[in-house]
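> Sharing query-v7.txt here; it has compact mmCIF, C-alpha atoms.
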```txt
# COMPACT_ATOMS: atom_id res chain seq x y z
CA MET A 1 24.58 2.00 1.03
CA ARG A 2 21.29 3.38 2.38
CA ALA A 3 19.83 3.56 -1.11
CA LEU A 4 20.86 -0.06 -1.66
CA ILE A 5 19.08 -1.11 1.55
CA ALA A 6 15.98 0.80 0.41
CA LEU A 7 16.16 -0.90 -3.00
CA LEU A 8 16.34 -4.34 -1.35
CA CYS A 9 13.38 -3.47 0.90
CA GLY A 10 11.33 -2.29 -2.06
CA THR A 11 12.24 -5.44 -3.99
CA LEU A 12 11.20 -7.74 -1.14
CA PHE A 13 8.01 -5.71 -0.68
CA GLY A 14 7.18 -5.94 -4.39
CA ALA A 15 7.89 -9.69 -4.46
CA GLY A 16 5.63 -10.09 -1.39
CA LEU A 17 2.82 -8.26 -3.17
CA ALA A 18 3.15 -10.64 -6.13
CA VAL A 19 3.36 -13.78 -3.94
CA SER A 20 0.25 -12.76 -2.00
CA GLY A 21 -1.81 -12.12 -5.12
CA MET A 22 -2.27 -8.46 -4.18
CA THR A 23 -0.97 -7.38 -7.59
CA ASP A 24 -4.33 -8.53 -9.01
CA PRO A 25 -6.78 -5.64 -8.48
CA MET A 26 -9.76 -7.96 -8.76
CA ARG A 27 -8.52 -10.03 -5.81
CA VAL A 28 -8.16 -6.88 -3.71
CA ARG A 29 -11.58 -5.64 -4.75
CA ALA A 30 -13.06 -9.06 -3.96
CA PHE A 31 -11.94 -8.54 -0.34
CA LEU A 32 -13.95 -5.31 -0.27
CA ASP A 33 -16.93 -6.98 -1.97
CA LEU A 34 -19.08 -8.10 0.96
CA LEU A 35 -22.18 -8.43 -1.23
CA GLY A 36 -20.41 -10.56 -3.84
CA PRO A 37 -18.01 -13.53 -3.87
CA TRP A 38 -15.99 -12.36 -0.85
CA ASP A 39 -12.29 -13.25 -0.85
CA PRO A 40 -10.56 -12.95 2.56
CA THR A 41 -6.99 -13.25 1.18
CA LEU A 42 -6.15 -9.60 1.90
CA ALA A 43 -6.81 -10.13 5.60
CA PHE A 44 -4.16 -12.90 5.65
CA VAL A 45 -1.71 -10.58 3.89
CA MET A 46 -2.28 -7.88 6.52
CA ALA A 47 -1.90 -10.42 9.32
CA GLY A 48 1.31 -11.78 7.79
CA ALA A 49 2.77 -8.29 7.40
CA ILE A 50 1.87 -7.16 10.90
CA VAL A 51 3.71 -10.09 12.59
CA PRO A 52 7.30 -9.10 11.67
CA MET A 53 6.44 -5.42 11.85
CA ALA A 54 5.05 -5.67 15.39
CA MET A 55 8.27 -7.42 16.44
CA ALA A 56 10.28 -4.69 14.71
CA TRP A 57 8.51 -1.99 16.74
CA ARG A 58 9.42 -3.81 19.96
CA VAL A 59 13.06 -3.93 18.91
CA GLN A 60 12.94 -0.32 17.77
CA SER A 61 11.76 0.85 21.20
CA ARG A 62 15.07 -0.35 22.68
CA MET A 63 17.30 1.16 19.99
CA ALA A 64 18.91 4.60 20.24
CA ARG A 65 19.34 4.91 16.49
CA PRO A 66 18.77 2.80 13.36
CA PHE A 67 21.51 0.44 12.16
CA ALA A 68 22.31 2.44 9.04
CA ALA A 69 21.05 5.98 9.69
CA LYS A 70 21.59 8.70 12.28
CA THR A 71 18.06 9.02 13.67
CA PHE A 72 14.60 7.54 13.56
CA ASN A 73 12.27 9.78 11.55
CA LEU A 74 8.82 8.56 12.45
CA PRO A 75 5.39 10.10 12.04
CA ASP A 76 3.11 11.31 14.79
CA THR A 77 0.81 8.63 16.24
CA GLY A 78 -1.83 10.55 18.16
CA ARG A 79 -3.14 13.50 16.17
CA ILE A 80 -6.54 12.81 14.61
CA ASP A 81 -7.91 15.61 12.49
CA ARG A 82 -10.18 16.33 9.56
CA ARG A 83 -7.40 15.94 7.02
CA LEU A 84 -6.62 12.42 8.23
CA ALA A 85 -10.30 11.44 8.22
CA ILE A 86 -11.29 12.97 4.87
CA GLY A 87 -8.09 11.81 3.15
CA SER A 88 -8.54 8.24 4.39
CA ILE A 89 -12.20 8.12 3.36
CA LEU A 90 -11.30 9.40 -0.12
CA PHE A 91 -8.48 6.88 -0.43
CA GLY A 92 -10.93 4.07 0.42
CA VAL A 93 -13.29 5.22 -2.35
CA GLY A 94 -10.53 5.09 -4.97
CA TRP A 95 -9.22 1.80 -3.59
CA GLY A 96 -12.70 0.30 -3.88
CA ILE A 97 -13.32 1.59 -7.41
CA ALA A 98 -10.14 0.10 -8.89
CA GLY A 99 -8.92 -2.45 -6.35
CA LEU A 100 -5.58 -0.65 -6.43
CA CYS A 101 -3.58 1.13 -3.76
CA PRO A 102 -0.17 2.74 -4.39
CA GLY A 103 2.08 -0.30 -3.70
CA PRO A 104 0.44 -2.80 -6.06
CA ALA A 105 -0.07 -0.07 -8.66
CA VAL A 106 3.67 0.69 -8.77
CA ALA A 107 4.59 -3.03 -8.67
CA ASN A 108 2.31 -3.61 -11.67
CA LEU A 109 4.63 -1.47 -13.81
CA ALA A 110 6.50 -4.78 -14.21
CA LEU A 111 3.49 -7.06 -14.71
CA ALA A 112 0.85 -5.01 -16.53
CA PRO A 113 2.38 -1.63 -17.46
CA ALA A 114 -0.32 -0.60 -19.93
CA ALA A 115 -3.05 -1.02 -17.30
CA ALA A 116 -1.05 0.37 -14.37
CA ALA A 117 0.04 3.50 -16.27
CA PRO A 118 -3.31 5.36 -16.39
CA PHE A 119 -3.91 4.71 -12.69
CA LEU A 120 -0.39 5.85 -11.77
CA LEU A 121 -0.52 8.99 -13.93
CA ALA A 122 -3.86 9.94 -12.37
CA MET A 123 -2.47 9.15 -8.90
CA LEU A 124 0.46 11.48 -9.52
CA ALA A 125 -1.95 14.15 -10.72
CA GLY A 126 -3.93 13.70 -7.48
CA MET A 127 -0.75 14.02 -5.41
CA ALA A 128 0.27 17.12 -7.35
CA LEU A 129 -3.22 18.60 -6.88
CA HIS A 130 -2.91 18.09 -3.14
CA ARG A 131 0.50 19.76 -3.12
CA LEU A 132 -0.77 22.74 -5.11
CA THR A 133 -3.85 23.25 -2.94
CA SER A 134 -2.21 22.72 0.44
CA ARG A 135 0.29 25.54 0.25
CA MET B 1 -17.70 -25.50 1.75
CA ILE B 2 -18.78 -22.00 1.02
CA PRO B 3 -18.22 -21.56 -2.74
CA ALA B 4 -17.50 -17.86 -2.33
CA LEU B 5 -14.36 -18.67 -0.35
CA SER B 6 -13.03 -21.36 -2.68
CA HIS B 7 -10.67 -19.02 -4.53
CA ALA B 8 -9.11 -17.56 -1.38
CA GLN B 9 -5.36 -18.09 -0.98
CA PRO B 10 -4.74 -17.77 2.76
CA LEU B 11 -1.28 -19.41 2.77
CA ALA B 12 0.14 -17.51 -0.22
CA GLY B 13 -1.39 -14.36 1.24
CA PHE B 14 0.19 -14.92 4.64
CA ILE B 15 3.63 -15.73 3.17
CA GLY B 16 3.52 -12.69 0.89
CA GLY B 17 2.42 -10.66 3.90
CA LEU B 18 5.43 -11.87 5.91
CA MET B 19 7.71 -10.69 3.07
CA ILE B 20 6.01 -7.28 3.04
CA GLY B 21 6.29 -7.02 6.83
CA LEU B 22 9.95 -8.05 6.77
CA ALA B 23 10.69 -5.38 4.15
CA ALA B 24 8.95 -2.77 6.31
CA ALA B 25 10.82 -4.01 9.40
CA VAL B 26 14.20 -3.55 7.69
CA MET B 27 13.20 -0.05 6.54
CA LEU B 28 12.40 0.81 10.14
CA LEU B 29 15.37 -0.80 11.91
CA ALA B 30 18.06 -0.03 9.31
CA LEU B 31 16.94 3.32 7.92
CA GLY B 32 14.63 4.61 10.66
CA ARG B 33 11.80 5.15 8.19
CA ILE B 34 8.24 4.02 7.59
CA ALA B 35 7.71 1.91 4.43
CA GLY B 36 4.67 3.89 3.32
CA VAL B 37 4.36 3.63 -0.44
CA SER B 38 2.22 6.73 -1.03
CA GLY B 39 4.66 8.94 0.88
CA LEU B 40 7.74 7.37 -0.70
CA ALA B 41 6.25 7.64 -4.21
CA ALA B 42 5.41 11.31 -3.64
CA ARG B 43 8.93 11.89 -2.35
CA ALA B 44 10.52 10.07 -5.32
CA LEU B 45 8.59 12.33 -7.70
CA LYS B 46 9.41 15.46 -5.69
CA LEU B 47 5.76 15.97 -4.77
CA SER B 48 6.60 15.90 -1.06
CA ASP B 49 9.19 17.64 1.09
CA ALA B 50 8.85 15.17 3.96
CA GLY B 51 10.25 11.66 4.13
CA PRO B 52 13.65 10.10 3.52
CA PRO B 53 16.37 11.44 1.19
CA TRP B 54 15.33 11.35 -2.45
CA ALA B 55 17.74 8.53 -3.40
CA GLU B 56 16.34 6.21 -0.71
CA ALA B 57 12.70 6.91 -1.58
CA THR B 58 13.38 6.43 -5.28
CA ALA B 59 15.33 3.21 -4.71
CA PHE B 60 12.49 1.73 -2.65
CA VAL B 61 9.87 2.68 -5.25
CA LEU B 62 11.94 1.21 -8.09
CA GLY B 63 12.33 -1.97 -6.05
CA LEU B 64 8.57 -2.63 -6.10
CA PRO B 65 8.31 -3.46 -9.83
CA LEU B 66 11.75 -5.09 -9.68
CA GLY B 67 10.56 -7.48 -6.97
CA ALA B 68 7.32 -8.25 -8.78
CA TRP B 69 9.30 -8.84 -11.99
CA LEU B 70 11.81 -11.14 -10.27
CA LEU B 71 9.01 -13.17 -8.79
CA ALA B 72 7.16 -13.42 -12.10
CA ALA B 73 10.42 -14.55 -13.76
CA THR B 74 10.95 -17.39 -11.29
CA ALA B 75 7.45 -18.43 -10.22
CA GLU B 76 3.91 -18.30 -11.46
CA VAL B 77 2.08 -15.06 -10.71
CA ALA B 78 -1.68 -15.03 -11.13
CA PRO B 79 -2.73 -12.79 -14.04
CA ALA B 80 -3.97 -9.38 -12.97
CA HIS B 81 -7.44 -8.15 -13.92
CA PHE B 82 -7.94 -4.41 -14.22
CA PRO B 83 -11.10 -2.32 -14.48
CA THR B 84 -11.74 -0.04 -17.46
CA THR B 85 -9.44 2.92 -18.15
CA PRO B 86 -12.01 5.59 -17.10
CA LEU B 87 -12.40 3.84 -13.73
CA LEU B 88 -8.61 3.58 -13.37
CA LEU B 89 -8.24 7.31 -14.04
CA VAL B 90 -10.94 8.34 -11.56
CA ALA B 91 -9.67 5.93 -8.90
CA GLY B 92 -6.04 6.98 -9.37
CA LEU B 93 -6.87 10.66 -8.95
CA ILE B 94 -8.82 10.01 -5.73
CA VAL B 95 -6.15 7.66 -4.36
CA GLY B 96 -3.37 10.18 -5.07
CA TYR B 97 -5.18 13.10 -3.47
CA GLY B 98 -6.62 11.08 -0.57
CA THR B 99 -3.39 9.37 0.45
CA ARG B 100 -1.54 12.69 0.60
CA LEU B 101 -4.32 14.42 2.53
CA GLY B 102 -4.58 11.47 4.92
CA SER B 103 -0.78 11.02 5.10
CA GLY B 104 -0.76 7.35 4.18
CA CYS B 105 -2.23 4.27 2.56
CA THR B 106 -2.47 0.52 3.17
CA SER B 107 1.28 0.19 3.79
CA GLY B 108 2.00 3.25 5.95
CA HIS B 109 -1.19 3.31 8.03
CA GLY B 110 -2.31 -0.29 7.51
CA VAL B 111 0.88 -2.29 8.01
CA CYS B 112 3.32 0.06 9.77
CA GLY B 113 0.83 2.10 11.81
CA LEU B 114 -1.45 -0.69 13.00
CA SER B 115 1.50 -2.80 14.16
CA ARG B 116 2.73 0.25 16.12
CA LEU B 117 -0.73 0.63 17.70
CA SER B 118 -0.83 4.19 16.38
CA ARG B 119 -4.21 5.73 17.19
CA ARG B 120 -3.91 7.89 14.10
CA SER B 121 -3.31 4.91 11.82
CA LEU B 122 -6.03 2.88 13.50
CA VAL B 123 -8.56 5.62 12.66
CA ALA B 124 -7.18 5.99 9.11
CA THR B 125 -7.31 2.24 8.44
CA ALA B 126 -10.82 1.87 9.86
CA LEU B 127 -12.00 4.74 7.64
CA PHE B 128 -10.42 3.61 4.38
CA MET B 129 -11.57 0.02 4.97
CA ALA B 130 -15.11 1.22 5.71
CA SER B 131 -15.23 3.51 2.68
CA GLY B 132 -13.73 0.76 0.51
CA PHE B 133 -16.44 -1.69 1.61
CA ALA B 134 -19.11 0.98 1.09
CA THR B 135 -17.81 1.92 -2.36
CA VAL B 136 -17.78 -1.65 -3.65
CA ALA B 137 -21.21 -2.30 -2.13
CA ALA B 138 -22.53 0.83 -3.89
CA MET B 139 -21.01 -0.35 -7.18
CA ARG B 140 -22.64 -3.75 -6.77
CA LEU B 141 -26.04 -2.26 -5.93
CA THR B 142 -25.93 0.11 -8.89
CA GLY B 143 -24.76 -2.60 -11.28
CA THR B 144 -21.41 -0.96 -12.12
CA LEU B 145 -19.44 -3.96 -10.87
```
I need this file expressed as structure tokens, please.

Amino acid sequence: MRALIALLCGTLFGAGLAVSGMTDPMRVRAFLDLLGPWDPTLAFVMAGAIVPMAMAWRVQSRMARPFAAKTFNLPDTGRIDRRLAIGSILFGVGWGIAGLCPGPAVANLALAPAAAAPFLLAMLAGMALHRLTSR
Amino acid sequence: MIPALSHAQPLAGFIGGLMIGLAAAVMLLALGRIAGVSGLAARALKLSDAGPPWAEATAFVLGLPLGAWLLAATAEVAPAHFPTTPLLLVAGLIVGYGTRLGSGCTSGHGVCGLSRLSRRSLVATALFMASGFATVAAMRLTGTL
């Protein structure tokens, strides 16, 4: 049941990425391209996503437990350290180079598998490298 | 009109954003989890010990291409334009390492964290946005774009 809910969430998320045009790396990169033909679409996507999510956080604050699981398992909100800063800066560099972040890259397995595959394989290698070096 | 903005799609972007936010809201309220794609992808591939049970992470990750495919089968999706393979490989490696080190990407920190007013996610989002802007500006100035 929980896996089915997760599948439906992923499906809606992936469809949202395609509707918003975020599955096109050049549209994402155009948002980051302040010196070129700037495209603000990504800002509207973020705004649209934050509306239901902000409401969800308000509801969540009054719930003892999730509808379909035993407990909320949520990350820390306050700790700011070097790992967070360096990791985020690095992520932004890769995001800028390709116009791809993990969600659209995975969703593109359905739309442009031959182009998404090298990015995803390298992304997995990067994740594995982090796991190997952080032990 | 400013010609640079003529290809923007604010309405489609906002509607797609609502769908993304709704998906993340259901993950939170039904399963008690953050819909952060980098963390869920790492979990699905057993590259992370944190996060939801494997089956849930894997189901969410498989849903992403399924949703994009369903949409492309029923509506028109703009063709995607990718950079060259060497750039994809370099970018993928940095994105994979960076998102794990920084514990999140555009979905986890950007959508879920910002809407929660998480200080940690606010800092992460400001930094990856700033470095994204700087990277593309550097590419433009060096003629690699």
> Figure out the distance between atom CA of A:Gly99 and atom CA of A:Ala43, please, to one decimal in Å.
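Separating atom CA of A:Ala43 from atom CA of A:Gly99 is a distance of 14.4 Å.
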> So how far away is atom CA of A:Ala64 from atom CA of B:Gly63, in Å?
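These two atoms are separated by 27.9 Å.
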> Tell me which of A:Gly16, A:Gly21, A:Pro37, A:Pro52 sits closest to B:Leu22, counting only C-alpha atoms.
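With only C-alpha atoms as the atom set, the closest residue is A:Pro52.
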> Neighbourhood query: residues within 8 Å of (6.7, -7.7, -3.8), file coordinates, counting only C-alpha atoms; return as a compact mmCIF listing (two decimals) with C-alpha atoms, keeping the file's coordinate frame.

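Printed below is out.txt as written:
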```
# COMPACT_ATOMS: atom_id res chain seq x y z
CA GLY A 10 11.33 -2.29 -2.06
CA THR A 11 12.24 -5.44 -3.99
CA LEU A 12 11.20 -7.74 -1.14
CA PHE A 13 8.01 -5.71 -0.68
CA GLY A 14 7.18 -5.94 -4.39
CA ALA A 15 7.89 -9.69 -4.46
CA GLY A 16 5.63 -10.09 -1.39
CA LEU A 17 2.82 -8.26 -3.17
CA ALA A 18 3.15 -10.64 -6.13
CA VAL A 19 3.36 -13.78 -3.94
CA ALA A 107 4.59 -3.03 -8.67
CA GLY B 16 3.52 -12.69 0.89
CA MET B 19 7.71 -10.69 3.07
CA ILE B 20 6.01 -7.28 3.04
CA LEU B 64 8.57 -2.63 -6.10
CA PRO B 65 8.31 -3.46 -9.83
CA GLY B 67 10.56 -7.48 -6.97
CA ALA B 68 7.32 -8.25 -8.78
CA LEU B 71 9.01 -13.17 -8.79
```
> Could you pull the residues within 12 Å of B:Thr85, counting all atoms listed in the file, minus those fewer than 6 positions along the same chain, as a ChimeraX atom specification?
/A:97-98,114-122 /B:91-92
> For a test of reading the model, state the distance in Å between atom CA of B:Gly104 and atom CA of A:Phe67, rounded to one decimal.
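Computing it gives 24.6 Å between the two atoms.
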> Between A:Gly94, A:Ala30, A:Asp76, A:Lys70, single out the one closest to chain B, counting only C-alpha atoms.
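Looking only at the distances to chain B, the closest residue turns out to be A:Gly94.
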